[in-house]
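File shown here: query.cif, holding mmCIF, C-alpha atoms.
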data_entry
#
loop_
_atom_site.label_atom_id
_atom_site.label_comp_id
_atom_site.auth_asym_id
_atom_site.auth_seq_id
_atom_site.Cartn_x
_atom_site.Cartn_y
_atom_site.Cartn_z
CA MET P 1 79.25 20.19 15.31
CA ARG P 2 77.05 21.60 12.58
CA SER P 3 77.05 25.36 11.98
CA SER P 4 73.74 27.23 11.80
CA ALA P 5 74.03 27.33 7.99
CA ASP P 6 74.75 23.60 7.85
CA ARG P 7 71.74 22.82 10.04
CA LEU P 8 69.48 25.00 7.90
CA ASP P 9 70.70 23.25 4.77
CA TYR P 10 70.19 19.86 6.41
CA TYR P 11 66.62 20.71 7.45
CA THR P 12 65.82 21.86 3.91
CA ARG P 13 67.31 18.73 2.32
CA CYS P 14 65.57 16.49 4.88
CA CYS P 15 62.18 18.08 4.20
CA ASP P 16 62.67 17.74 0.44
CA PHE P 17 63.82 14.12 0.76
CA PHE P 18 61.04 12.89 3.05
CA GLY P 19 58.32 15.22 1.77
CA PHE P 20 57.91 17.19 5.01
CA THR P 21 56.36 20.63 4.94
CA GLU P 22 58.55 21.47 7.94
CA TYR P 23 61.11 19.62 10.01
CA PRO P 24 59.29 17.50 12.65
CA PHE P 25 62.02 16.94 15.24
CA HIS P 26 63.34 20.32 16.27
CA THR P 27 64.14 20.48 20.00
CA SER P 28 63.32 24.19 20.17
CA PRO P 29 60.30 24.96 22.40
CA ASN P 30 57.75 25.61 19.64
CA PRO P 31 54.27 25.56 21.26
CA ARG P 32 52.78 24.17 18.02
CA TYR P 33 54.80 21.00 18.50
CA LEU P 34 53.89 20.48 22.15
CA TYR P 35 51.89 17.25 22.30
CA PHE P 36 49.40 18.07 25.03
CA THR P 37 49.33 15.05 27.33
CA GLU P 38 47.06 14.83 30.35
CA GLN P 39 49.89 15.88 32.65
CA TYR P 40 50.47 19.02 30.56
CA ARG P 41 46.74 19.76 30.71
CA THR P 42 46.84 19.42 34.49
CA ALA P 43 49.90 21.67 34.80
CA TYR P 44 48.31 24.25 32.49
CA ARG P 45 44.97 24.27 34.35
CA ARG P 46 46.64 24.51 37.75
CA ALA P 47 48.84 27.38 36.63
CA ILE P 48 45.87 29.36 35.33
CA TYR P 49 43.77 28.58 38.40
CA SER P 50 46.58 29.55 40.78
CA ILE P 51 46.83 32.98 39.18
CA ASP P 52 43.04 33.35 38.97
CA SER P 53 42.76 32.61 42.68
CA GLY P 54 45.47 35.13 43.59
CA SER P 55 47.83 32.66 45.22
CA ALA P 56 50.89 34.65 43.99
CA PHE P 57 52.76 31.57 42.73
CA ALA P 58 52.07 28.72 40.34
CA ALA P 59 54.79 26.10 40.06
CA ILE P 60 55.68 23.41 37.52
CA TRP P 61 58.58 21.06 38.23
CA GLY P 62 60.32 18.34 36.25
CA SER P 63 63.66 16.94 35.15
CA MET P 64 65.51 18.14 32.06
CA GLY P 65 63.84 17.33 28.76
CA LEU P 66 60.27 16.90 30.03
CA GLY P 67 58.89 19.95 28.22
CA LYS P 68 58.81 22.67 30.87
CA THR P 69 60.09 25.38 28.54
CA SER P 70 57.74 24.26 25.76
CA LEU P 71 54.89 24.53 28.24
CA ALA P 72 56.10 28.01 29.20
CA TYR P 73 55.90 29.09 25.57
CA TYR P 74 52.47 27.48 25.28
CA LEU P 75 51.31 29.60 28.23
CA ILE P 76 52.79 32.73 26.68
CA HIS P 77 51.04 31.95 23.39
CA ASN P 78 47.62 31.10 24.87
CA ILE P 79 47.19 33.37 27.88
CA PRO P 80 46.37 36.50 25.81
CA GLU P 81 43.40 34.64 24.32
CA ILE P 82 41.93 33.30 27.56
CA ARG P 83 42.96 36.12 29.95
CA PRO P 84 43.31 39.32 27.88
CA HIS P 85 43.69 41.45 31.03
CA TRP P 86 46.87 39.59 32.03
CA GLU P 87 50.15 41.22 31.01
CA VAL P 88 52.62 38.37 30.54
CA HIS P 89 56.39 38.71 30.80
CA PHE P 90 58.90 35.91 30.31
CA ILE P 91 62.27 35.48 32.00
CA GLU P 92 64.07 32.60 30.28
CA SER P 93 66.34 31.75 33.20
CA ALA P 94 66.25 32.69 36.86
CA GLY P 95 70.03 32.55 36.63
CA ALA P 96 69.73 36.15 35.40
CA PHE P 97 68.95 37.06 39.01
CA GLY P 98 72.36 37.52 40.57
CA SER P 99 71.09 39.08 43.77
CA PHE P 100 68.09 40.38 45.70
CA LEU P 101 68.42 43.75 43.97
CA ASP P 102 68.68 42.14 40.51
CA VAL P 103 65.18 40.70 40.84
CA TYR P 104 63.66 44.15 41.40
CA ARG P 105 65.67 45.69 38.60
CA ARG P 106 64.83 42.93 36.10
CA ILE P 107 61.10 43.16 36.83
CA ILE P 108 61.07 46.96 36.72
CA ALA P 109 62.98 46.92 33.42
CA ALA P 110 60.39 44.52 31.97
CA PHE P 111 57.82 47.28 32.47
CA GLY P 112 60.05 49.71 30.56
CA LYS P 113 60.88 51.77 33.61
CA GLU P 114 64.23 53.10 34.81
CA THR P 115 65.94 51.07 37.53
CA HIS P 116 68.05 52.33 40.41
CA ARG P 117 71.00 51.21 42.47
CA ASN P 118 69.16 52.10 45.65
CA MET P 119 66.84 49.36 46.94
CA ALA P 120 64.31 51.78 48.43
CA GLU P 121 63.95 53.63 45.12
CA ASN P 122 63.42 50.37 43.24
CA ASP P 123 60.80 49.29 45.74
CA ARG P 124 58.96 52.59 45.36
CA THR P 125 59.14 52.45 41.54
CA LEU P 126 57.84 48.89 41.39
CA LYS P 127 54.91 49.66 43.69
CA GLU P 128 53.99 52.73 41.64
CA VAL P 129 53.97 50.64 38.45
CA LEU P 130 51.90 47.85 39.98
CA TYR P 131 49.31 50.16 41.53
CA HIS P 132 48.97 51.94 38.19
CA LYS P 133 48.48 48.59 36.41
CA ALA P 134 45.80 47.63 38.94
CA GLU P 135 43.94 50.89 38.31
CA GLN P 136 43.92 49.99 34.61
CA GLY P 137 42.56 46.50 35.35
CA ILE P 138 45.82 44.83 34.26
CA ARG P 139 47.29 41.83 36.10
CA PRO P 140 51.06 41.44 35.54
CA VAL P 141 52.18 37.79 35.40
CA PHE P 142 55.83 36.79 35.16
CA ILE P 143 56.69 33.35 33.79
CA ILE P 144 60.15 32.43 35.08
CA ASP P 145 61.98 29.38 33.73
CA GLU P 146 65.01 27.50 35.16
CA LEU P 147 64.14 28.51 38.71
CA GLN P 148 66.79 26.13 40.09
CA GLU P 149 69.40 28.58 38.79
CA ALA P 150 68.19 31.35 41.11
CA PRO P 151 70.27 32.13 44.21
CA LEU P 152 68.49 31.95 47.55
CA GLN P 153 68.35 35.73 47.85
CA ALA P 154 66.49 35.94 44.54
CA LEU P 155 63.79 33.58 45.84
CA ARG P 156 63.45 35.73 48.94
CA ALA P 157 63.04 38.79 46.71
CA LEU P 158 60.27 37.10 44.70
CA ARG P 159 58.45 36.23 47.92
CA ILE P 160 58.64 39.83 49.16
CA ILE P 161 57.54 41.24 45.80
CA SER P 162 54.56 38.89 45.85
CA ASN P 163 53.41 40.67 49.04
CA ILE P 164 52.59 43.81 47.06
CA GLU P 165 48.80 43.77 47.15
CA THR P 166 45.55 45.56 47.81
CA PRO P 167 43.01 44.27 50.35
CA SER P 168 41.38 42.29 47.53
CA THR P 169 44.14 41.04 45.23
CA LYS P 170 47.82 40.44 44.58
CA LEU P 171 49.26 43.05 42.22
CA ILE P 172 51.85 40.76 40.64
CA GLN P 173 51.97 37.00 40.25
CA PHE P 174 54.41 34.37 39.05
CA ILE P 175 54.41 31.09 37.15
CA LEU P 176 57.62 29.30 38.09
CA LEU P 177 59.24 26.41 36.22
CA GLY P 178 62.27 24.43 37.31
CA SER P 179 63.77 21.13 38.36
CA GLU P 180 62.97 19.28 41.58
CA GLU P 181 66.24 20.39 43.17
CA VAL P 182 64.80 23.85 43.79
CA PHE P 183 62.57 22.32 46.47
CA ARG P 184 65.66 21.99 48.69
CA LYS P 185 66.00 25.76 48.58
CA PHE P 186 62.35 26.16 49.52
CA ASP P 187 63.00 24.27 52.74
CA ARG P 188 65.03 27.31 53.78
CA ILE P 189 62.18 29.69 52.90
CA PRO P 190 59.01 28.12 54.39
CA ALA P 191 56.96 31.25 53.64
CA PHE P 192 57.70 30.74 49.93
CA ARG P 193 57.03 27.01 49.91
CA ASP P 194 53.72 27.41 51.73
CA ARG P 195 52.37 29.66 48.97
CA LEU P 196 52.66 26.92 46.34
CA VAL P 197 49.02 25.87 46.46
CA PHE P 198 48.97 23.68 43.34
CA PRO P 199 52.54 22.71 42.43
CA THR P 200 52.61 20.28 39.50
CA SER P 201 55.33 17.73 38.84
CA LEU P 202 56.00 16.50 35.30
CA SER P 203 57.15 12.94 34.77
CA PRO P 204 58.52 10.93 31.81
CA PHE P 205 55.99 9.81 29.20
CA ASP P 206 54.56 6.32 29.12
CA PHE P 207 54.86 4.35 25.90
CA GLN P 208 51.50 5.38 24.45
CA ASP P 209 52.10 9.08 25.01
CA MET P 210 55.57 8.79 23.51
CA VAL P 211 54.17 7.14 20.37
CA LYS P 212 51.39 9.72 20.09
CA MET P 213 53.91 12.55 20.46
CA ILE P 214 56.13 11.23 17.65
CA ARG P 215 53.17 10.63 15.34
CA PHE P 216 51.70 14.03 16.22
CA ARG P 217 54.93 15.71 15.15
CA LEU P 218 55.08 13.74 11.91
CA ASN P 219 51.48 14.60 11.06
CA LEU P 220 52.10 18.27 11.82
CA ALA P 221 55.03 18.18 9.39
CA GLY P 222 52.80 16.71 6.69
CA SER P 223 54.26 13.21 6.85
CA ASP P 224 52.95 9.68 7.13
CA ASP P 225 52.80 8.90 10.85
CA LEU P 226 53.88 5.32 10.10
CA LEU P 227 57.46 6.35 9.30
CA PHE P 228 58.60 4.35 12.35
CA THR P 229 57.35 0.83 13.03
CA GLU P 230 55.86 -0.25 16.35
CA SER P 231 59.03 -2.20 17.17
CA GLN P 232 61.22 0.80 16.38
CA LEU P 233 59.04 3.02 18.55
CA GLU P 234 59.49 0.55 21.42
CA ASP P 235 63.26 0.83 21.08
CA ILE P 236 63.08 4.63 20.94
CA PHE P 237 60.92 4.66 24.06
CA LEU P 238 63.17 2.32 26.02
CA HIS P 239 66.36 4.17 25.19
CA SER P 240 64.83 7.60 25.76
CA ILE P 241 63.56 6.44 29.20
CA GLY P 242 60.33 8.27 28.42
CA VAL P 243 61.97 11.72 28.19
CA PRO P 244 60.41 13.58 25.22
CA ARG P 245 63.55 15.51 24.30
CA TYR P 246 65.63 12.33 24.16
CA ALA P 247 63.08 10.61 21.91
CA ILE P 248 63.03 13.64 19.61
CA LEU P 249 66.83 13.58 19.36
CA ILE P 250 66.85 9.86 18.51
CA CYS P 251 64.21 10.40 15.81
CA SER P 252 66.22 13.32 14.43
CA ASN P 253 69.36 11.16 14.34
CA ALA P 254 67.42 8.46 12.47
CA LEU P 255 66.32 10.93 9.79
CA GLN P 256 69.87 12.18 9.39
CA ILE P 257 71.25 8.65 8.94
CA ALA P 258 68.52 7.74 6.44
CA LEU P 259 69.15 10.94 4.50
CA ASP P 260 72.90 10.28 4.41
CA ARG P 261 72.21 6.76 3.13
CA GLY P 262 69.62 7.93 0.61
CA GLN P 263 66.94 5.67 2.20
CA ARG P 264 63.39 6.94 2.58
CA LYS P 265 62.41 3.88 4.62
CA ILE P 266 63.53 3.91 8.25
CA THR P 267 64.95 0.46 8.92
CA ASP P 268 65.72 -1.22 12.23
CA ASP P 269 69.46 -0.82 11.80
CA ILE P 270 69.00 2.92 11.17
CA VAL P 271 67.13 3.26 14.46
CA GLN P 272 69.80 1.26 16.30
CA GLN P 273 72.53 3.45 14.83
CA ALA P 274 70.53 6.56 15.82
CA ILE P 275 70.29 5.29 19.40
CA GLU P 276 74.03 4.56 19.53
CA ASN P 277 74.85 8.01 18.15
CA PHE P 278 72.53 9.67 20.66
CA GLU P 279 73.99 7.86 23.64
CA LYS P 280 77.51 8.60 22.45
CA GLU P 281 76.66 12.31 22.18
CA ALA P 282 74.99 12.25 25.61
CA GLY P 283 78.18 10.84 27.10
CA VAL P 284 76.43 8.17 29.19
CA SER P 285 74.06 5.30 28.75
CA LEU P 286 70.60 6.64 29.49
CA TRP P 287 69.17 3.20 30.18
CA ALA P 288 67.11 3.60 33.38
CA GLY P 289 69.14 6.74 34.02
CA GLU P 290 72.30 4.79 34.88
CA ARG P 291 75.67 4.00 33.42
CA GLY P 292 76.62 0.49 32.53
CA PRO P 293 75.26 -2.40 30.47
CA LYS P 294 71.65 -2.32 29.30
CA LYS P 295 69.09 -4.85 30.40
CA LYS P 296 65.92 -5.42 28.40
CA ARG P 297 62.73 -4.56 30.25
CA SER P 298 59.09 -5.04 29.37
CA LEU P 299 56.81 -2.18 28.33
#
Could the structure of this file be written out as structure tokens, please?
Amino acid sequence: MRSSADRLDYYTRCCDFFGFTEYPFHTSPNPRYLYFTEQYRTAYRRAIYSIDSGSAFAAIWGSMGLGKTSLAYYLIHNIPEIRPHWEVHFIESAGAFGSFLDVYRRIIAAFGKETHRNMAENDRTLKEVLYHKAEQGIRPVFIIDELQEAPLQALRALRIISNIETPSTKLIQFILLGSEEVFRKFDRIPAFRDRLVFPTSLSPFDFQDMVKMIRFRLNLAGSDDLLFTESQLEDIFLHSIGVPRYAILICSNALQIALDRGQRKITDDIVQQAIENFEKEAGVSLWAGERGPKKKRSL
């Protein structure tokens, strides 16, 4: 495993070698590198509309690697420009909510206020903060990622907090992101599930979107978007099963192999080696999401 210093040195050498202005295949959720597909546009519009309409919750679901966290950072980056009266807070993982009380304390702390061990005092403090925000014309919005990590009691707390309102508007609202498995928890809290007016589900990319994403990243890094051939892109798509993060990792592996070999041209055998390395690191064959031998399928 590379240390942070080794990775930094690798990124610098890779940029110098290929002529990049910046490394194109980071997996970190940089909103600049989010290729905005139609499904991302839909998820973004529905999230904004859900909060505009006062529905309390907007929800975006999808499997690992489909760009939920990148979309969260995109929302954080863009909301101040389109909704300057929204006050956005980000909770990276709902796993930080260990209990019902933790949810109140985490939200209160985000406002810079003192939290309490007593539930009644926390409830009073949170209401005071939210009513004061409403008087100032501010709408607090919490973006919460990895919702599947939240215990059931934390979801119940979010539902109750969402009930804090005036006759005309909700005083706090949430944009929730997580995997599909969280829906099973919602079955045990119908009042929560029923408030998800426009839930949006993300799915793996099709071939064209995958190609556009890779070329978009290369262009953003100041590179020729023809670094990979059409045939190589087909292989990357098939072995990534349309998951953006997997494709990015394969492309990153290919650059590393080419750099180690001193080859500026990405050849077919480099891509095949990158795929093999990726699948070895992943621990399973990702072909169609199953273990076992691979079978060629048409695009």
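Taken over the shown file, the PyMOL selection byres ((chain P and resi 133) around 12) identifies His85, Trp86, Glu87, Phe111, Leu126, Lys127, Glu128, Val129, Leu130, Tyr131, His132, Ala134, Glu135, Gln136, Gly137, Ile138, Arg139, Pro140, Val141, Glu165, Lys170, Leu171 and Ile172 of chain P.
For the structure in this document, the set picked by the PyMOL selection byres ((chain P and resi 267) around 10) is Leu227, Phe228, Thr229, Gln232, Ala254, Ala258, Gln263, Arg264, Lys265, Ile266, Asp268, Asp269, Ile270, Val271 and Gln272 of chain P.
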Show me, as a list in words, the residues that have an atom within 8 Å of Arg195 in chain P when counting all atoms listed in the file, minus same-chain residues fewer than 6 positions from it. Ser55, Ala56 and Phe57 of chain P
With distances taken over all atoms listed in the file, which residue among P:Leu238, P:Val211, P:Leu158, P:Cys14 lies nearest Phe192 in chain P? P:Leu158
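Each of P:Phe17, P:Phe142, P:Tyr35, P:Phe97 was compared to Ile79 in chain P using only C-alpha atoms, and P:Phe142 turns out to be the nearest.
For Arg215 in chain P, the residues within 9 Å (counting all atoms listed in the file, excluding itself and residues fewer than 5 positions away along the chain) are Met210, Leu220, Ser223, Asp224, Asp225, Leu226, Leu227 and Phe228 of chain P.
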Output for the residues just chosen: C-alpha atoms as a CSV table (one decimal), in the coordinates of the input:
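Result file follows (selection08.csv):
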chain,number,residue,atom,x,y,z
P,210,MET,CA,55.6,8.8,23.5
P,220,LEU,CA,52.1,18.3,11.8
P,223,SER,CA,54.3,13.2,6.8
P,224,ASP,CA,53.0,9.7,7.1
P,225,ASP,CA,52.8,8.9,10.8
P,226,LEU,CA,53.9,5.3,10.1
P,227,LEU,CA,57.5,6.4,9.3
P,228,PHE,CA,58.6,4.4,12.4
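Computed from the coordinates, the CA of Ser231 in chain P to CA of Thr37 in chain P distance equals 22.2 Å.
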Interatomic distance, CA of Leu155 in chain P to CA of Ile76 in chain P (Å, one decimal): 22.1 Å
Calculated over all atoms listed in the file, which of the candidates P:Ser201, P:Ile257, P:Val243, P:Ile214 has the smallest distance to Tyr10 in chain P? P:Ile257
Compile the contact shell of range 179-188 of chain P as a PyMOL selection string: residues with an atom at most 6 Å away, counting all atoms listed in the file, same-chain residues fewer than 5 positions apart removed. chain P and resi 61-63+148+193
Give me the residues near Asp209 in chain P as a PDB file with C-alpha atoms, in the coordinates of the input, where near means some atom within 12 Å (using only C-alpha atoms) and where sequence neighbours in that chain fewer than 2 positions away do not count.
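Generated output (result04.pdb):
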ATOM      1  CA  LEU P  34      53.890  20.480  22.150  1.00  0.00           C
ATOM      2  CA  TYR P  35      51.890  17.250  22.300  1.00  0.00           C
ATOM      3  CA  PHE P  36      49.400  18.070  25.030  1.00  0.00           C
ATOM      4  CA  THR P  37      49.330  15.050  27.330  1.00  0.00           C
ATOM      5  CA  GLU P  38      47.060  14.830  30.350  1.00  0.00           C
ATOM      6  CA  GLN P  39      49.890  15.880  32.650  1.00  0.00           C
ATOM      7  CA  TYR P  40      50.470  19.020  30.560  1.00  0.00           C
ATOM      8  CA  SER P 203      57.150  12.940  34.770  1.00  0.00           C
ATOM      9  CA  PRO P 204      58.520  10.930  31.810  1.00  0.00           C
ATOM     10  CA  PHE P 205      55.990   9.810  29.200  1.00  0.00           C
ATOM     11  CA  ASP P 206      54.560   6.320  29.120  1.00  0.00           C
ATOM     12  CA  PHE P 207      54.860   4.350  25.900  1.00  0.00           C
ATOM     13  CA  VAL P 211      54.170   7.140  20.370  1.00  0.00           C
ATOM     14  CA  LYS P 212      51.390   9.720  20.090  1.00  0.00           C
ATOM     15  CA  MET P 213      53.910  12.550  20.460  1.00  0.00           C
ATOM     16  CA  ILE P 214      56.130  11.230  17.650  1.00  0.00           C
ATOM     17  CA  ARG P 215      53.170  10.630  15.340  1.00  0.00           C
ATOM     18  CA  PHE P 216      51.700  14.030  16.220  1.00  0.00           C
ATOM     19  CA  LEU P 233      59.040   3.020  18.550  1.00  0.00           C
ATOM     20  CA  GLU P 234      59.490   0.550  21.420  1.00  0.00           C
ATOM     21  CA  PHE P 237      60.920   4.660  24.060  1.00  0.00           C
ATOM     22  CA  GLY P 242      60.330   8.270  28.420  1.00  0.00           C
ATOM     23  CA  VAL P 243      61.970  11.720  28.190  1.00  0.00           C
ATOM     24  CA  PRO P 244      60.410  13.580  25.220  1.00  0.00           C
ATOM     25  CA  ALA P 247      63.080  10.610  21.910  1.00  0.00           C
TER      26      ALA P 247
END
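Minimum atom-to-atom distances from P:Pro31, P:Ala43, P:Lys113, P:Phe100 to Asn78 in chain P were compared using all atoms listed in the file, and the lowest value belongs to P:Pro31.
Compared by their closest atoms to Gln173 in chain P, and using all atoms listed in the file, the residues P:Thr42, P:Thr125, P:Asn118, P:Ser53 rank with P:Ser53 nearest.
For the pair CA of Gly112 in chain P and CA of Arg159 in chain P, the interatomic distance is 22.0 Å.
Proximity to Val103 in chain P was assessed for P:Asn30, P:Ser162, P:Gln256, P:Ser50 counting all atoms listed in the file; the smallest distance is recorded for P:Ser162.
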